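Asks: start16.txt is reproduced below (compact mmCIF, N, CA and C atoms).
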```txt
# COMPACT_ATOMS: atom_id res chain seq x y z
N MET V 1 -2.08 16.26 -52.42
CA MET V 1 -2.34 17.27 -53.42
C MET V 1 -3.69 16.97 -54.07
N ASP V 2 -4.56 17.95 -54.06
CA ASP V 2 -5.90 17.79 -54.62
C ASP V 2 -5.92 18.42 -56.01
N PHE V 3 -6.28 17.65 -57.00
CA PHE V 3 -6.31 18.15 -58.37
C PHE V 3 -7.70 17.96 -58.95
N THR V 4 -8.26 19.04 -59.51
CA THR V 4 -9.55 18.95 -60.18
C THR V 4 -9.40 19.49 -61.59
N ALA V 5 -10.13 18.91 -62.52
CA ALA V 5 -10.04 19.30 -63.93
C ALA V 5 -10.98 20.44 -64.28
N THR V 6 -11.83 20.85 -63.35
CA THR V 6 -12.75 21.95 -63.62
C THR V 6 -12.33 23.18 -62.84
N MET V 7 -12.77 24.33 -63.33
CA MET V 7 -12.41 25.60 -62.70
C MET V 7 -13.49 25.98 -61.68
N SER V 8 -13.03 26.53 -60.57
CA SER V 8 -13.98 27.03 -59.58
C SER V 8 -14.51 28.38 -60.05
N ALA V 9 -15.52 28.89 -59.37
CA ALA V 9 -16.10 30.17 -59.73
C ALA V 9 -15.07 31.29 -59.64
N SER V 10 -14.25 31.28 -58.60
CA SER V 10 -13.24 32.34 -58.46
C SER V 10 -12.16 32.23 -59.55
N GLU V 11 -11.82 31.00 -59.96
CA GLU V 11 -10.85 30.83 -61.04
C GLU V 11 -11.42 31.32 -62.37
N LYS V 12 -12.72 31.09 -62.58
CA LYS V 12 -13.36 31.60 -63.80
C LYS V 12 -13.36 33.11 -63.83
N VAL V 13 -13.62 33.74 -62.70
CA VAL V 13 -13.61 35.21 -62.61
C VAL V 13 -12.20 35.72 -62.88
N GLN V 14 -11.19 35.06 -62.32
CA GLN V 14 -9.81 35.48 -62.55
C GLN V 14 -9.44 35.36 -64.03
N ALA V 15 -9.84 34.26 -64.63
CA ALA V 15 -9.55 34.05 -66.05
C ALA V 15 -10.24 35.10 -66.90
N GLN V 16 -11.51 35.39 -66.62
CA GLN V 16 -12.25 36.39 -67.38
C GLN V 16 -11.64 37.77 -67.21
N THR V 17 -11.20 38.10 -65.99
CA THR V 17 -10.54 39.38 -65.73
C THR V 17 -9.25 39.49 -66.53
N ALA V 18 -8.49 38.40 -66.56
CA ALA V 18 -7.24 38.40 -67.32
C ALA V 18 -7.51 38.59 -68.81
N VAL V 19 -8.53 37.93 -69.34
CA VAL V 19 -8.89 38.06 -70.75
C VAL V 19 -9.34 39.48 -71.05
N ASP V 20 -10.20 40.04 -70.20
CA ASP V 20 -10.68 41.40 -70.41
C ASP V 20 -9.54 42.41 -70.38
N SER V 21 -8.63 42.25 -69.42
CA SER V 21 -7.51 43.19 -69.33
C SER V 21 -6.59 43.05 -70.53
N PHE V 22 -6.39 41.84 -71.03
CA PHE V 22 -5.58 41.62 -72.23
C PHE V 22 -6.24 42.27 -73.44
N ASN V 23 -7.54 42.09 -73.58
CA ASN V 23 -8.27 42.68 -74.71
C ASN V 23 -8.18 44.20 -74.70
N LYS V 24 -8.20 44.80 -73.53
CA LYS V 24 -8.09 46.26 -73.42
C LYS V 24 -6.71 46.72 -73.86
N THR V 25 -5.67 45.95 -73.59
CA THR V 25 -4.32 46.33 -74.02
C THR V 25 -4.20 46.28 -75.53
N LEU V 26 -4.98 45.43 -76.17
CA LEU V 26 -4.93 45.36 -77.63
C LEU V 26 -5.39 46.66 -78.26
N THR V 27 -6.48 47.23 -77.76
CA THR V 27 -6.98 48.48 -78.33
C THR V 27 -6.07 49.64 -77.95
N VAL V 28 -5.41 49.58 -76.79
CA VAL V 28 -4.50 50.65 -76.38
C VAL V 28 -3.28 50.68 -77.29
N ASN V 29 -2.79 49.54 -77.71
CA ASN V 29 -1.60 49.47 -78.55
C ASN V 29 -1.90 49.66 -80.03
N GLY V 30 -3.08 50.14 -80.37
CA GLY V 30 -3.40 50.45 -81.75
C GLY V 30 -4.10 49.37 -82.53
N ARG V 31 -4.33 48.22 -81.95
CA ARG V 31 -5.05 47.17 -82.66
C ARG V 31 -6.53 47.35 -82.44
N LYS V 32 -7.29 47.10 -83.47
CA LYS V 32 -8.73 47.23 -83.37
C LYS V 32 -9.37 45.85 -83.22
N ALA V 33 -10.44 45.82 -82.48
CA ALA V 33 -11.17 44.56 -82.31
C ALA V 33 -11.81 44.19 -83.65
N SER V 34 -11.87 42.90 -83.92
CA SER V 34 -12.42 42.41 -85.17
C SER V 34 -13.30 41.21 -84.89
N ASN V 35 -14.29 41.01 -85.73
CA ASN V 35 -15.17 39.86 -85.60
C ASN V 35 -14.65 38.66 -86.39
N GLU V 36 -13.50 38.82 -87.05
CA GLU V 36 -12.93 37.75 -87.85
C GLU V 36 -11.71 37.18 -87.16
N LEU V 37 -11.55 35.87 -87.27
CA LEU V 37 -10.38 35.22 -86.70
C LEU V 37 -9.27 35.18 -87.74
N GLY V 38 -8.08 35.54 -87.31
CA GLY V 38 -6.92 35.48 -88.18
C GLY V 38 -5.95 34.43 -87.70
N LYS V 39 -4.79 34.38 -88.34
CA LYS V 39 -3.82 33.35 -87.95
C LYS V 39 -3.25 33.60 -86.56
N ASP V 40 -3.13 34.87 -86.15
CA ASP V 40 -2.65 35.16 -84.80
C ASP V 40 -3.65 34.65 -83.76
N ASP V 41 -4.94 34.86 -84.03
CA ASP V 41 -5.98 34.38 -83.12
C ASP V 41 -5.96 32.86 -83.03
N PHE V 42 -5.77 32.21 -84.16
CA PHE V 42 -5.74 30.75 -84.19
C PHE V 42 -4.58 30.24 -83.34
N LEU V 43 -3.41 30.87 -83.47
CA LEU V 43 -2.26 30.45 -82.67
C LEU V 43 -2.51 30.67 -81.18
N LYS V 44 -3.14 31.79 -80.82
CA LYS V 44 -3.44 32.06 -79.41
C LYS V 44 -4.38 31.00 -78.85
N ILE V 45 -5.38 30.61 -79.64
CA ILE V 45 -6.31 29.58 -79.20
C ILE V 45 -5.59 28.25 -79.01
N LEU V 46 -4.72 27.91 -79.95
CA LEU V 46 -3.98 26.66 -79.87
C LEU V 46 -3.06 26.64 -78.65
N ILE V 47 -2.38 27.75 -78.40
CA ILE V 47 -1.50 27.84 -77.24
C ILE V 47 -2.31 27.74 -75.95
N ALA V 48 -3.45 28.41 -75.92
CA ALA V 48 -4.31 28.33 -74.73
C ALA V 48 -4.78 26.90 -74.50
N GLN V 49 -5.13 26.19 -75.57
CA GLN V 49 -5.56 24.80 -75.43
C GLN V 49 -4.44 23.94 -74.86
N LEU V 50 -3.23 24.12 -75.40
CA LEU V 50 -2.10 23.32 -74.94
C LEU V 50 -1.72 23.66 -73.51
N SER V 51 -1.80 24.95 -73.17
CA SER V 51 -1.43 25.37 -71.81
C SER V 51 -2.43 24.93 -70.76
N ASN V 52 -3.69 24.85 -71.13
CA ASN V 52 -4.75 24.56 -70.15
C ASN V 52 -5.34 23.17 -70.27
N GLN V 53 -4.67 22.29 -70.99
CA GLN V 53 -5.23 20.94 -71.12
C GLN V 53 -5.07 20.16 -69.82
N ASP V 54 -5.91 19.22 -69.66
CA ASP V 54 -5.89 18.34 -68.48
C ASP V 54 -4.67 17.42 -68.58
N PRO V 55 -3.74 17.50 -67.63
CA PRO V 55 -2.54 16.65 -67.70
C PRO V 55 -2.84 15.16 -67.63
N THR V 56 -3.98 14.80 -67.04
CA THR V 56 -4.32 13.38 -66.95
C THR V 56 -4.93 12.88 -68.25
N SER V 57 -5.35 13.81 -69.10
CA SER V 57 -5.94 13.43 -70.39
C SER V 57 -5.51 14.46 -71.45
N PRO V 58 -4.23 14.42 -71.85
CA PRO V 58 -3.73 15.42 -72.80
C PRO V 58 -4.36 15.28 -74.19
N MET V 59 -4.21 16.34 -74.96
CA MET V 59 -4.74 16.36 -76.32
C MET V 59 -4.10 15.24 -77.13
N GLU V 60 -4.92 14.59 -77.92
CA GLU V 60 -4.42 13.51 -78.76
C GLU V 60 -3.53 14.09 -79.87
N ASN V 61 -2.53 13.31 -80.29
CA ASN V 61 -1.64 13.75 -81.36
C ASN V 61 -2.41 14.06 -82.64
N THR V 62 -3.41 13.24 -82.92
CA THR V 62 -4.17 13.45 -84.16
C THR V 62 -4.93 14.78 -84.12
N GLU V 63 -5.44 15.15 -82.93
CA GLU V 63 -6.14 16.44 -82.80
C GLU V 63 -5.15 17.59 -83.02
N PHE V 64 -3.97 17.47 -82.42
CA PHE V 64 -2.96 18.51 -82.55
C PHE V 64 -2.54 18.66 -84.01
N ILE V 65 -2.30 17.55 -84.68
CA ILE V 65 -1.88 17.57 -86.09
C ILE V 65 -2.98 18.16 -86.97
N ALA V 66 -4.24 17.81 -86.68
CA ALA V 66 -5.35 18.36 -87.45
C ALA V 66 -5.44 19.88 -87.28
N GLN V 67 -5.23 20.36 -86.06
CA GLN V 67 -5.27 21.80 -85.83
C GLN V 67 -4.10 22.50 -86.51
N MET V 68 -2.93 21.89 -86.50
CA MET V 68 -1.78 22.48 -87.19
C MET V 68 -2.02 22.52 -88.70
N ALA V 69 -2.67 21.49 -89.24
CA ALA V 69 -3.01 21.48 -90.66
C ALA V 69 -4.00 22.58 -90.99
N GLN V 70 -4.97 22.80 -90.10
CA GLN V 70 -5.93 23.89 -90.30
C GLN V 70 -5.22 25.23 -90.27
N PHE V 71 -4.28 25.39 -89.35
CA PHE V 71 -3.52 26.63 -89.27
C PHE V 71 -2.72 26.86 -90.55
N SER V 72 -2.08 25.81 -91.04
CA SER V 72 -1.30 25.91 -92.26
C SER V 72 -2.19 26.30 -93.45
N SER V 73 -3.36 25.69 -93.53
CA SER V 73 -4.31 26.02 -94.60
C SER V 73 -4.77 27.46 -94.50
N LEU V 74 -5.05 27.91 -93.29
CA LEU V 74 -5.47 29.29 -93.07
C LEU V 74 -4.38 30.26 -93.51
N GLU V 75 -3.14 29.97 -93.16
CA GLU V 75 -2.04 30.85 -93.55
C GLU V 75 -1.86 30.89 -95.06
N GLN V 76 -1.97 29.74 -95.71
CA GLN V 76 -1.84 29.69 -97.17
C GLN V 76 -2.98 30.45 -97.85
N MET V 77 -4.20 30.33 -97.33
CA MET V 77 -5.33 31.07 -97.90
C MET V 77 -5.14 32.57 -97.73
N THR V 78 -4.62 32.98 -96.59
CA THR V 78 -4.35 34.40 -96.35
C THR V 78 -3.31 34.92 -97.33
N ASN V 79 -2.24 34.16 -97.51
CA ASN V 79 -1.19 34.55 -98.46
C ASN V 79 -1.73 34.61 -99.88
N MET V 80 -2.56 33.64 -100.24
CA MET V 80 -3.14 33.61 -101.58
C MET V 80 -4.06 34.81 -101.79
N SER V 81 -4.84 35.14 -100.79
CA SER V 81 -5.74 36.28 -100.88
C SER V 81 -4.96 37.57 -101.09
N GLN V 82 -3.86 37.73 -100.36
CA GLN V 82 -3.03 38.93 -100.53
C GLN V 82 -2.42 38.98 -101.92
N SER V 83 -2.00 37.82 -102.43
CA SER V 83 -1.43 37.77 -103.78
C SER V 83 -2.48 38.11 -104.83
N PHE V 84 -3.70 37.60 -104.67
CA PHE V 84 -4.78 37.92 -105.61
C PHE V 84 -5.11 39.40 -105.59
N GLU V 85 -5.05 40.00 -104.40
CA GLU V 85 -5.33 41.43 -104.29
C GLU V 85 -4.27 42.24 -105.05
N LYS V 86 -2.99 41.85 -104.91
CA LYS V 86 -1.93 42.53 -105.65
C LYS V 86 -2.11 42.34 -107.16
N MET V 87 -2.43 41.12 -107.57
CA MET V 87 -2.61 40.83 -108.98
C MET V 87 -3.78 41.63 -109.55
N THR V 88 -4.85 41.77 -108.80
CA THR V 88 -5.99 42.57 -109.23
C THR V 88 -5.58 44.01 -109.44
N GLY V 89 -4.75 44.54 -108.53
CA GLY V 89 -4.25 45.91 -108.67
C GLY V 89 -3.43 46.08 -109.93
N TYR V 90 -2.57 45.11 -110.23
CA TYR V 90 -1.76 45.18 -111.45
C TYR V 90 -2.63 45.14 -112.70
N ILE V 91 -3.59 44.24 -112.72
CA ILE V 91 -4.47 44.12 -113.88
C ILE V 91 -5.28 45.39 -114.09
N ASN V 92 -5.84 45.92 -112.99
CA ASN V 92 -6.61 47.16 -113.09
C ASN V 92 -5.75 48.32 -113.57
N SER V 93 -4.52 48.40 -113.08
CA SER V 93 -3.60 49.46 -113.49
C SER V 93 -3.25 49.32 -114.97
N CYS V 94 -2.99 48.10 -115.42
CA CYS V 94 -2.67 47.86 -116.84
C CYS V 94 -3.84 48.25 -117.73
N GLU V 95 -5.05 47.92 -117.30
CA GLU V 95 -6.23 48.28 -118.09
C GLU V 95 -6.34 49.80 -118.21
N ALA V 96 -6.14 50.51 -117.11
CA ALA V 96 -6.22 51.97 -117.14
C ALA V 96 -5.13 52.55 -118.04
N GLN V 97 -3.91 52.02 -117.94
CA GLN V 97 -2.81 52.53 -118.74
C GLN V 97 -3.00 52.22 -120.23
N SER V 98 -3.67 51.13 -120.53
CA SER V 98 -3.90 50.78 -121.94
C SER V 98 -4.87 51.76 -122.62
N MET V 99 -5.57 52.55 -121.84
CA MET V 99 -6.51 53.52 -122.40
C MET V 99 -5.87 54.87 -122.71
N LEU V 100 -4.60 55.04 -122.33
CA LEU V 100 -3.93 56.31 -122.57
C LEU V 100 -3.98 56.67 -124.06
N GLY V 101 -4.41 57.90 -124.36
CA GLY V 101 -4.48 58.38 -125.73
C GLY V 101 -5.74 57.96 -126.47
N LYS V 102 -6.54 57.10 -125.90
CA LYS V 102 -7.76 56.63 -126.56
C LYS V 102 -8.94 57.50 -126.13
N THR V 103 -9.96 57.51 -126.95
CA THR V 103 -11.19 58.23 -126.64
C THR V 103 -12.11 57.29 -125.87
N VAL V 104 -12.67 57.79 -124.78
CA VAL V 104 -13.58 56.98 -123.97
C VAL V 104 -14.90 57.71 -123.80
N GLU V 105 -15.91 56.90 -123.58
CA GLU V 105 -17.24 57.42 -123.25
C GLU V 105 -17.51 57.01 -121.81
N LEU V 106 -17.81 58.01 -120.99
CA LEU V 106 -18.03 57.76 -119.56
C LEU V 106 -19.50 57.93 -119.23
N ASP V 107 -20.01 57.01 -118.42
CA ASP V 107 -21.40 57.07 -117.97
C ASP V 107 -21.41 57.60 -116.54
N LEU V 108 -21.95 58.81 -116.36
CA LEU V 108 -21.98 59.44 -115.05
C LEU V 108 -23.38 59.43 -114.46
N GLY V 109 -24.18 58.48 -114.86
CA GLY V 109 -25.55 58.37 -114.36
C GLY V 109 -26.50 59.18 -115.23
N ASP V 110 -26.68 60.44 -114.91
CA ASP V 110 -27.61 61.27 -115.67
C ASP V 110 -26.97 61.92 -116.88
N THR V 111 -25.63 61.92 -116.98
CA THR V 111 -24.94 62.50 -118.13
C THR V 111 -23.87 61.56 -118.64
N GLN V 112 -23.40 61.88 -119.85
CA GLN V 112 -22.29 61.13 -120.44
C GLN V 112 -21.20 62.10 -120.83
N VAL V 113 -19.97 61.68 -120.66
CA VAL V 113 -18.82 62.50 -121.02
C VAL V 113 -17.99 61.71 -122.01
N THR V 114 -17.50 62.39 -123.05
CA THR V 114 -16.62 61.77 -124.03
C THR V 114 -15.35 62.60 -124.09
N GLY V 115 -14.22 61.93 -124.13
CA GLY V 115 -12.95 62.65 -124.21
C GLY V 115 -11.79 61.68 -124.31
N GLN V 116 -10.61 62.26 -124.48
CA GLN V 116 -9.40 61.47 -124.62
C GLN V 116 -8.76 61.27 -123.24
N VAL V 117 -8.27 60.05 -123.00
CA VAL V 117 -7.61 59.74 -121.73
C VAL V 117 -6.22 60.36 -121.75
N GLU V 118 -5.99 61.27 -120.78
CA GLU V 118 -4.73 62.01 -120.72
C GLU V 118 -3.74 61.39 -119.74
N ALA V 119 -4.24 60.71 -118.70
CA ALA V 119 -3.37 60.11 -117.69
C ALA V 119 -4.14 58.99 -116.99
N ALA V 120 -3.39 58.16 -116.27
CA ALA V 120 -4.00 57.06 -115.52
C ALA V 120 -3.25 56.88 -114.21
N THR V 121 -4.01 56.59 -113.14
CA THR V 121 -3.39 56.30 -111.85
C THR V 121 -3.25 54.79 -111.70
N ARG V 122 -2.46 54.38 -110.72
CA ARG V 122 -2.26 52.96 -110.45
C ARG V 122 -2.95 52.57 -109.15
N GLY V 123 -3.01 51.27 -108.88
CA GLY V 123 -3.55 50.77 -107.63
C GLY V 123 -4.76 49.89 -107.83
N LEU V 124 -5.42 49.53 -106.71
CA LEU V 124 -6.59 48.66 -106.77
C LEU V 124 -7.76 49.34 -107.47
N GLN V 125 -7.89 50.65 -107.30
CA GLN V 125 -8.98 51.41 -107.91
C GLN V 125 -8.38 52.52 -108.78
N PRO V 126 -7.77 52.15 -109.93
CA PRO V 126 -7.15 53.19 -110.75
C PRO V 126 -8.19 54.12 -111.35
N GLN V 127 -7.75 55.31 -111.69
CA GLN V 127 -8.62 56.30 -112.31
C GLN V 127 -7.96 56.80 -113.59
N ILE V 128 -8.79 57.34 -114.49
CA ILE V 128 -8.28 57.93 -115.72
C ILE V 128 -8.63 59.41 -115.74
N LEU V 129 -7.75 60.20 -116.34
CA LEU V 129 -7.94 61.64 -116.45
C LEU V 129 -8.52 61.95 -117.82
N VAL V 130 -9.73 62.49 -117.84
CA VAL V 130 -10.42 62.84 -119.09
C VAL V 130 -10.94 64.27 -118.93
N ASN V 131 -10.58 65.14 -119.87
CA ASN V 131 -11.03 66.54 -119.86
C ASN V 131 -10.72 67.23 -118.53
N GLY V 132 -9.56 66.91 -117.94
CA GLY V 132 -9.14 67.56 -116.71
C GLY V 132 -9.76 67.02 -115.43
N MET V 133 -10.55 65.94 -115.51
CA MET V 133 -11.19 65.35 -114.32
C MET V 133 -10.84 63.86 -114.25
N TYR V 134 -10.65 63.37 -113.02
CA TYR V 134 -10.39 61.94 -112.83
C TYR V 134 -11.70 61.18 -112.67
N TYR V 135 -11.78 60.01 -113.31
CA TYR V 135 -12.97 59.16 -113.24
C TYR V 135 -12.55 57.73 -112.90
N ASN V 136 -13.43 57.01 -112.21
CA ASN V 136 -13.19 55.61 -111.89
C ASN V 136 -13.36 54.76 -113.14
N MET V 137 -12.66 53.64 -113.16
CA MET V 137 -12.71 52.75 -114.32
C MET V 137 -14.11 52.16 -114.54
N ASP V 138 -14.89 51.99 -113.47
CA ASP V 138 -16.22 51.41 -113.64
C ASP V 138 -17.20 52.39 -114.30
N GLN V 139 -16.76 53.63 -114.53
CA GLN V 139 -17.62 54.60 -115.21
C GLN V 139 -17.39 54.58 -116.73
N VAL V 140 -16.39 53.83 -117.19
CA VAL V 140 -16.10 53.76 -118.63
C VAL V 140 -17.14 52.90 -119.30
N ARG V 141 -17.84 53.50 -120.27
CA ARG V 141 -18.89 52.77 -120.98
C ARG V 141 -18.37 52.20 -122.28
N ALA V 142 -17.47 52.94 -122.95
CA ALA V 142 -16.92 52.49 -124.23
C ALA V 142 -15.52 53.08 -124.42
N VAL V 143 -14.69 52.35 -125.17
CA VAL V 143 -13.33 52.79 -125.50
C VAL V 143 -13.21 52.75 -127.02
N TYR V 144 -12.70 53.87 -127.58
CA TYR V 144 -12.54 53.95 -129.04
C TYR V 144 -11.05 54.08 -129.35
N GLY V 145 -10.61 53.47 -130.45
CA GLY V 145 -9.20 53.54 -130.86
C GLY V 145 -8.78 54.95 -131.15
N MET V 146 -7.49 55.14 -131.36
CA MET V 146 -6.95 56.49 -131.59
C MET V 146 -7.51 57.16 -132.78
```
Produce C-alpha cells that represent the structure in this file.
Replies:
Amino acid sequence: MDFTATMSASEKVQAQTAVDSFNKTLTVNGRKASNELGKDDFLKILIAQLSNQDPTSPMENTEFIAQMAQFSSLEQMTNMSQSFEKMTGYINSCEAQSMLGKTVELDLGDTQVTGQVEAATRGLQPQILVNGMYYNMDQVRAVYGM
C-alpha cells in the first residue's frame, strides 16, 4: 500500500470541484455568501482539518484544545453581540416612550419642527409621531417637559 501525505493534481481538482459544488448548493438553499466567518464556518474548518489530517502525524491535543477554546470564545462573543443588540433596542424604545406627551424640537436639516409627541414605535430604530409625521430619534434636538 502506497501512502502519500500530499495531494496529486487530480485530487486537488476533485477537491476544488467538490468545494465549488457545495458552495453552489448554499446559495440555492437560500444562504448568501459572506466575507465573514461565523461559528458554522469555524466548525466546518475544524471538521475538515480533523478529517484530512495526516494519520502518521495527527493534530496535537494542545492544537485541538486551542481551536475548541477559540470556537467557544467566538460563540460567546456572538451571543453577547446579539444580547447587546436586544438591549440597545429596549433602551432606544424606552427613550422614545419616555417622550410621550412631551414637546420636542426636531432638526430636519434646513428646517426645524416643534410639536408634542403623540406616539412612539419600538425596536432598534424607534420613531416618534409629531404633528402627524413619524421622525427618527436622532432628529430630536431638544425635549421640553409637559
Asks: Please run DSSP on the backbone and report, as a PyMOL selection string, all residues within chain V that come out as alpha helix (DSSP H).
Replies: chain V and resi 9-28+39-51+61-98
Asks: I need the residue nearest V:Ala142 from this list: V:Thr103, V:Thr111, V:Ser72, V:Gln116. Use all atoms listed in the file for the distance.
Replies: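 Nearest to V:Ala142: V:Thr103.
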Asks: Skipping near chain neighbours, those fewer than 4 positions away, what residues fall within 9 Å of V:Leu124 using only C-alpha atoms, listed as a PyMOL selection string?
Replies: chain V and resi 85-86+88-93
Asks: Which residues are near V:Gly115? Cut-off 7 Å, all atoms listed in the file, ignore same chain within fewer than 5 positions. Put them as a short mmCIF file (atom, residue, chain, number, x, y, z; two decimals) with N, CA and C atoms, in the frame of the given file.
Replies:
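That gives us result-v5.cif:
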```
data_model
loop_
_atom_site.label_atom_id
_atom_site.label_comp_id
_atom_site.auth_asym_id
_atom_site.auth_seq_id
_atom_site.Cartn_x
_atom_site.Cartn_y
_atom_site.Cartn_z
N LYS V 102 -6.54 57.10 -125.90
CA LYS V 102 -7.76 56.63 -126.56
C LYS V 102 -8.94 57.50 -126.13
N THR V 103 -9.96 57.51 -126.95
CA THR V 103 -11.19 58.23 -126.64
C THR V 103 -12.11 57.29 -125.87
N VAL V 104 -12.67 57.79 -124.78
CA VAL V 104 -13.58 56.98 -123.97
C VAL V 104 -14.90 57.71 -123.80
N GLU V 105 -15.91 56.90 -123.58
CA GLU V 105 -17.24 57.42 -123.25
C GLU V 105 -17.51 57.01 -121.81
N LEU V 106 -17.81 58.01 -120.99
CA LEU V 106 -18.03 57.76 -119.56
C LEU V 106 -19.50 57.93 -119.23
N VAL V 130 -9.73 62.49 -117.84
CA VAL V 130 -10.42 62.84 -119.09
C VAL V 130 -10.94 64.27 -118.93
N ASN V 131 -10.58 65.14 -119.87
CA ASN V 131 -11.03 66.54 -119.86
C ASN V 131 -10.72 67.23 -118.53
#
```
Asks: Rounded to one decimal, what separation in Å do you get between atom CA of V:Gln139 and atom N of V:Met87?
Replies: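 That distance, rounded to one decimal, is 21.7 Å.
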Asks: Suppose you want the space between atom CA of V:Ile47 and atom C of V:Lys12; what is it in Å?
Replies: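 Separation of atom CA of V:Ile47 and atom C of V:Lys12: 18.7 Å.
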Asks: As an exercise, work out the distance from atom N of V:Glu60 to atom CA of V:Asn79 in Å and give it to one decimal place.
Replies: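 Atom-to-atom, atom N of V:Glu60 and atom CA of V:Asn79 are spaced 28.9 Å apart.
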Asks: Closest to V:Arg141 among V:Ala96, V:Phe84, V:Asp107, V:Ala119, using only N, CA and C atoms?
Replies: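 The answer is V:Asp107, which sits nearest to V:Arg141.
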Asks: Which residues in chain V does DSSP call strand (DSSP E)? List them as a VMD selection string.
Replies: chain V and resid 103 to 107 112 to 120 127 to 130 133 to 136 140 to 144
Asks: Could you please take those selected residues and save N, CA and C atoms as a short mmCIF file (atom, residue, chain, number, x, y, z; two decimals), in the coordinates of the input?
Replies:
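Dumped everything to result36.cif:
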```
data_model
loop_
_atom_site.label_atom_id
_atom_site.label_comp_id
_atom_site.auth_asym_id
_atom_site.auth_seq_id
_atom_site.Cartn_x
_atom_site.Cartn_y
_atom_site.Cartn_z
N THR V 103 -9.96 57.51 -126.95
CA THR V 103 -11.19 58.23 -126.64
C THR V 103 -12.11 57.29 -125.87
N VAL V 104 -12.67 57.79 -124.78
CA VAL V 104 -13.58 56.98 -123.97
C VAL V 104 -14.90 57.71 -123.80
N GLU V 105 -15.91 56.90 -123.58
CA GLU V 105 -17.24 57.42 -123.25
C GLU V 105 -17.51 57.01 -121.81
N LEU V 106 -17.81 58.01 -120.99
CA LEU V 106 -18.03 57.76 -119.56
C LEU V 106 -19.50 57.93 -119.23
N ASP V 107 -20.01 57.01 -118.42
CA ASP V 107 -21.40 57.07 -117.97
C ASP V 107 -21.41 57.60 -116.54
N GLN V 112 -23.40 61.88 -119.85
CA GLN V 112 -22.29 61.13 -120.44
C GLN V 112 -21.20 62.10 -120.83
N VAL V 113 -19.97 61.68 -120.66
CA VAL V 113 -18.82 62.50 -121.02
C VAL V 113 -17.99 61.71 -122.01
N THR V 114 -17.50 62.39 -123.05
CA THR V 114 -16.62 61.77 -124.03
C THR V 114 -15.35 62.60 -124.09
N GLY V 115 -14.22 61.93 -124.13
CA GLY V 115 -12.95 62.65 -124.21
C GLY V 115 -11.79 61.68 -124.31
N GLN V 116 -10.61 62.26 -124.48
CA GLN V 116 -9.40 61.47 -124.62
C GLN V 116 -8.76 61.27 -123.24
N VAL V 117 -8.27 60.05 -123.00
CA VAL V 117 -7.61 59.74 -121.73
C VAL V 117 -6.22 60.36 -121.75
N GLU V 118 -5.99 61.27 -120.78
CA GLU V 118 -4.73 62.01 -120.72
C GLU V 118 -3.74 61.39 -119.74
N ALA V 119 -4.24 60.71 -118.70
CA ALA V 119 -3.37 60.11 -117.69
C ALA V 119 -4.14 58.99 -116.99
N ALA V 120 -3.39 58.16 -116.27
CA ALA V 120 -4.00 57.06 -115.52
C ALA V 120 -3.25 56.88 -114.21
N GLN V 127 -7.75 55.31 -111.69
CA GLN V 127 -8.62 56.30 -112.31
C GLN V 127 -7.96 56.80 -113.59
N ILE V 128 -8.79 57.34 -114.49
CA ILE V 128 -8.28 57.93 -115.72
C ILE V 128 -8.63 59.41 -115.74
N LEU V 129 -7.75 60.20 -116.34
CA LEU V 129 -7.94 61.64 -116.45
C LEU V 129 -8.52 61.95 -117.82
N VAL V 130 -9.73 62.49 -117.84
CA VAL V 130 -10.42 62.84 -119.09
C VAL V 130 -10.94 64.27 -118.93
N MET V 133 -10.55 65.94 -115.51
CA MET V 133 -11.19 65.35 -114.32
C MET V 133 -10.84 63.86 -114.25
N TYR V 134 -10.65 63.37 -113.02
CA TYR V 134 -10.39 61.94 -112.83
C TYR V 134 -11.70 61.18 -112.67
N TYR V 135 -11.78 60.01 -113.31
CA TYR V 135 -12.97 59.16 -113.24
C TYR V 135 -12.55 57.73 -112.90
N ASN V 136 -13.43 57.01 -112.21
CA ASN V 136 -13.19 55.61 -111.89
C ASN V 136 -13.36 54.76 -113.14
N VAL V 140 -16.39 53.83 -117.19
CA VAL V 140 -16.10 53.76 -118.63
C VAL V 140 -17.14 52.90 -119.30
N ARG V 141 -17.84 53.50 -120.27
CA ARG V 141 -18.89 52.77 -120.98
C ARG V 141 -18.37 52.20 -122.28
N ALA V 142 -17.47 52.94 -122.95
CA ALA V 142 -16.92 52.49 -124.23
C ALA V 142 -15.52 53.08 -124.42
N VAL V 143 -14.69 52.35 -125.17
CA VAL V 143 -13.33 52.79 -125.50
C VAL V 143 -13.21 52.75 -127.02
N TYR V 144 -12.70 53.87 -127.58
CA TYR V 144 -12.54 53.95 -129.04
C TYR V 144 -11.05 54.08 -129.35
#
```
Asks: Compare V:Leu50, V:Leu108, V:Val13, V:Met99 by their minimum atom-to-atom distance to V:Val143, counting only N, CA and C atoms, and give me the closest one.
Replies: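 Result for the nearest residue to V:Val143: V:Met99.
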Asks: When you count only C-alpha atoms, which of these residues is closest to V:Glu95: V:Gln70, V:Ser83, V:Gln76, V:Gln125?
Replies: V:Gln125
Asks: Between V:Asp110, V:Gln67, V:Tyr134, V:Gln97, which one has atoms that come closest to V:Arg122, using all atoms listed in the file?
Replies: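 Looking only at the distances to V:Arg122, the closest residue turns out to be V:Gln97.
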